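Asks: One structure coming up, written as structure tokens, with questions to follow.
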Amino acid sequence: MTPAQSTAAPTPSTSLLTDMYELTMLQGALRSGVAERASIFELFGRRLPASRRYGVVAGTGRLLDAIEAFAFTAEQIDFLHRTEVVDDTTLDYLRDYRFTGTIRGYAEGECYFAGSPLLTVEGTFAEACILETLALSVYNYDCAVATAASRMTIAAHGRPCVDFGARRAHERAAVAAARASVVGGFVGTSCLEAGLLYGIPTFGTSAHSFTLVHDSEEEAFAAQVASLGPSTTVLVDTYDIATGVERAVAAARAAGGELGAIRLDSGDLVAEAFKVRAQLDALGATSTRITVTNDLDEYAIAALGAAPVDSYGVGTKLVTGSGRPTAALVYKLVERQGADGAMEEVAKFSTGGKSTVGGRKWAGRLHDAGGSASEELLVCAASKDEGLAALAQAGARPLQVTLIDQGRIVEEHRGPEALAAAAERHRVARAELPYDAWRLSEGEAAIPTRHVDLDNRSATRR
């Protein structure tokens with residue numbers, strides 16, 4: 001199936017997809033005089049969610065679209081005024097708001113680990129602060145889904161996986177999940193909106209209701225083949241599976257061809273796949289493929305590894321991150337301009353594992369002699385040149401790219417071509433990880449993270 005060309009309509013304003021306290025912080029900063037201080041925020045995870053040995057960066061293109069649409073309409077300003085969320089001075093600031101700073105980040109599809117600065121947002125405190133919720137809502141969901149999809153495609157061992165999760169998620173989340181699944185290695189989606197917006201191949205034929213509305217299974221299968229051709233995929237478990245397989249093959253042959261595939265959606269999928277494959281071969285339908293659905297996750301897919309299955313349709317577990325519906329990412333201030341005009345590191349010193357590491361970080365990945373990734377290196381440095389020089393000296397592959405340059409979106413990071421590039425980037429990055437990263441069992445992160453502070457400017461308590 002040929003992917004559709006993106007004809008996306010302009011994104012509605014995203015400025016109120018935020019928490020109220022971001023605007024009340026803005027108001028306070030305007031009053032105290034720190035709103036225009038140069039600031040650097042980082043989006044990262046303190047640790048990987050349990051059972052995840054690596055994470056997958058996803059949502060980059062969506063976030064760039066959302067930031068482009070982050071402008072306050074007259075209606076939104078009126079709402080904020082009417083409900084007294086912020087004062088008139090703050091409303092005047094918001095009327096003219098556009099992000100004019102710079103954002104660097106891990107390229108979409110890259111793997112990440114604890115502490116990895118997936119985004120580095122540089123601007124005034126005012127303009128960077130109010131992007132927090134938007135950035136987190138996009139990345140926390142999309143990274144979680146892409147990571148689940150990556151684990152599922154590992155378990156599939158090259159057999160294609162398709163997103164069937166649209167009916168199991170919020171209607172807009174379903175579109176985001178379809179996009180993120182492609183980053184993680186899925187080859188298509190049932191969601192037509194995702195096909196339109198992102199050029200993702202779409203798949204789908206019929207449900208049990210199509211069989212049930214006809215007077216017989218034979219009539220239903222004949223009608224589907226007449227409409228979609230012999231290469232269609234027929235759902236054969238509405239009644240008796242063996243009888244359904246025989247009727248589906250017969251319907252395709254009556255139309256002058258061989259049946260493309262049958263779909264199994266219930267029962268013991270491993271046992272049924274073996275029985276159906278044997279039946280198809282006995283009928284001479286050796287080219288007819290078998291696809292399976294029914295609440296699959298990476299563990300169920302792995303269990304089907306020895307079965308004669310050709311592809312998988314994954315729904316609920318994909319769009320809910322397969323038990324990890326959020327990537328547990330946070331957005332924290334790590335540097336800010338002091339009263340003397342100089343930049344200085346800042347950090348949280350909270351107890352309970354919620355402290356942060358101050359300072360802008362330049363990220364790279366080290367590899368061992370065999371070419372496998374061995375360490376995530378995060379260098380705190382005052383300038384880009386110093387940070388990249390330190391990574392080069394250590395032999396680390398730089399991981400960050402410029403996404404927005406002084407308010408200008410770098411177009412190569414969004415659109416259908418960017419999504420395809422992200423999927424390929426993830427395939428390569430995942431292949432670099434050591435073997436333990438591919439295990440589905442719980443365990444430590446695939447590689448450790450090491451921090452280096454070149455200038456010894458570590459943040460202090462205040």
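In the structure tokens, chains take letters A, B, ... by order of appearance, with residues numbered from 1 within each chain and ligands from 1 in the order shown.
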If we count only C-alpha atoms and set the cut-off at 6 Å, which residues sit around Ala261 (chain A), ignoring sequence neighbours fewer than 3 positions away in its own chain? Please answer as a ChimeraX atom specification.
Replies: /A:233,288-290
Asks: May I have all residues of region 155-389 of chain A that DSSP, computed from the backbone, assigns to strand (DSSP E), given as a ChimeraX atom specification?
Replies: /A:161-163,188-189,233-235,261-264,289-292,311-314,329-337,343-345,361-367,373-380
Asks: Would you mind listing what lies within 7 Å of Val346 (chain A) as a CSV table (one decimal) with C-alpha atoms, in the first residue's frame, with only C-alpha atoms counted and same-chain residues fewer than 4 positions away left out?
Replies:
```
chain,number,residue,atom,x,y,z
A,333,LEU,CA,15.9,24.3,34.9
A,334,VAL,CA,19.6,23.5,34.9
A,335,GLU,CA,21.2,26.8,34.2
A,358,GLY,CA,22.8,21.1,37.2
A,359,GLY,CA,24.4,22.5,34.0
A,459,ALA,CA,25.4,23.7,41.5
```
Asks: Report, in Å to a single decimal, how far apart CA of His451 (chain A) and CA of Gly115 (chain A) are.
Replies: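 Spanning CA of Gly115 (chain A) to CA of His451 (chain A) is a straight-line distance of 8.9 Å.
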Asks: Could you check which of A:Ile77, A:Thr356, A:Met152, A:His413 is closest to Ala58 (chain A), using only C-alpha atoms?
Replies: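 Nearest to Ala58 (chain A): A:His413.
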Asks: Point out the residue among A:Ala394, A:Ala107, A:Ala148, A:Ala35 with the least atom-to-atom distance to Tyr93 (chain A), counting only C-alpha atoms.
Replies: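 Closest residue, counting only C-alpha atoms: A:Ala35.
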Asks: Out of region 145-390 of chain A, which residues get helix (DSSP H, G or I) from DSSP, as a PyMOL selection string?
Replies: chain A and resi 145-156+166-168+171-183+192-198+208-213+217-228+241-254+269-282+298-303+316-319+321-323+384-390
Asks: Near region 305-308 of chain A, within 7 Å and counting only C-alpha atoms, which residues show up once chain neighbours fewer than 2 positions away are dropped, as a list of chain:residue names?
Replies: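 Answer for this query is A:Ala156, A:Val270, A:Ala273, A:Phe274, A:Arg277, A:Ile301, A:Ala302, A:Ala303, A:Asp310.
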Asks: Under the rule that only C-alpha atoms are counted, which of A:Ala222, A:Ile67, A:Leu48, A:Val379 is the nearest residue to Glu442 (chain A)?
Replies: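 Result for the nearest residue to Glu442 (chain A): A:Leu48.
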Asks: Neighbours of Arg450 (chain A) within 8 Å (only C-alpha atoms; same-chain residues fewer than 6 positions away dropped), as an MDAnalysis selection string?
Replies: chainID A and resid 375:378
Asks: Give the answer as one residue: which of A:Tyr198, A:Phe164, A:Phe113, A:Tyr106 has the shortest atom-to-atom distance to Gly415 (chain A), using only C-alpha atoms?
Replies: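 Of A:Tyr198, A:Phe164, A:Phe113, A:Tyr106, the one nearest Gly415 (chain A) is A:Tyr198, counting only C-alpha atoms.
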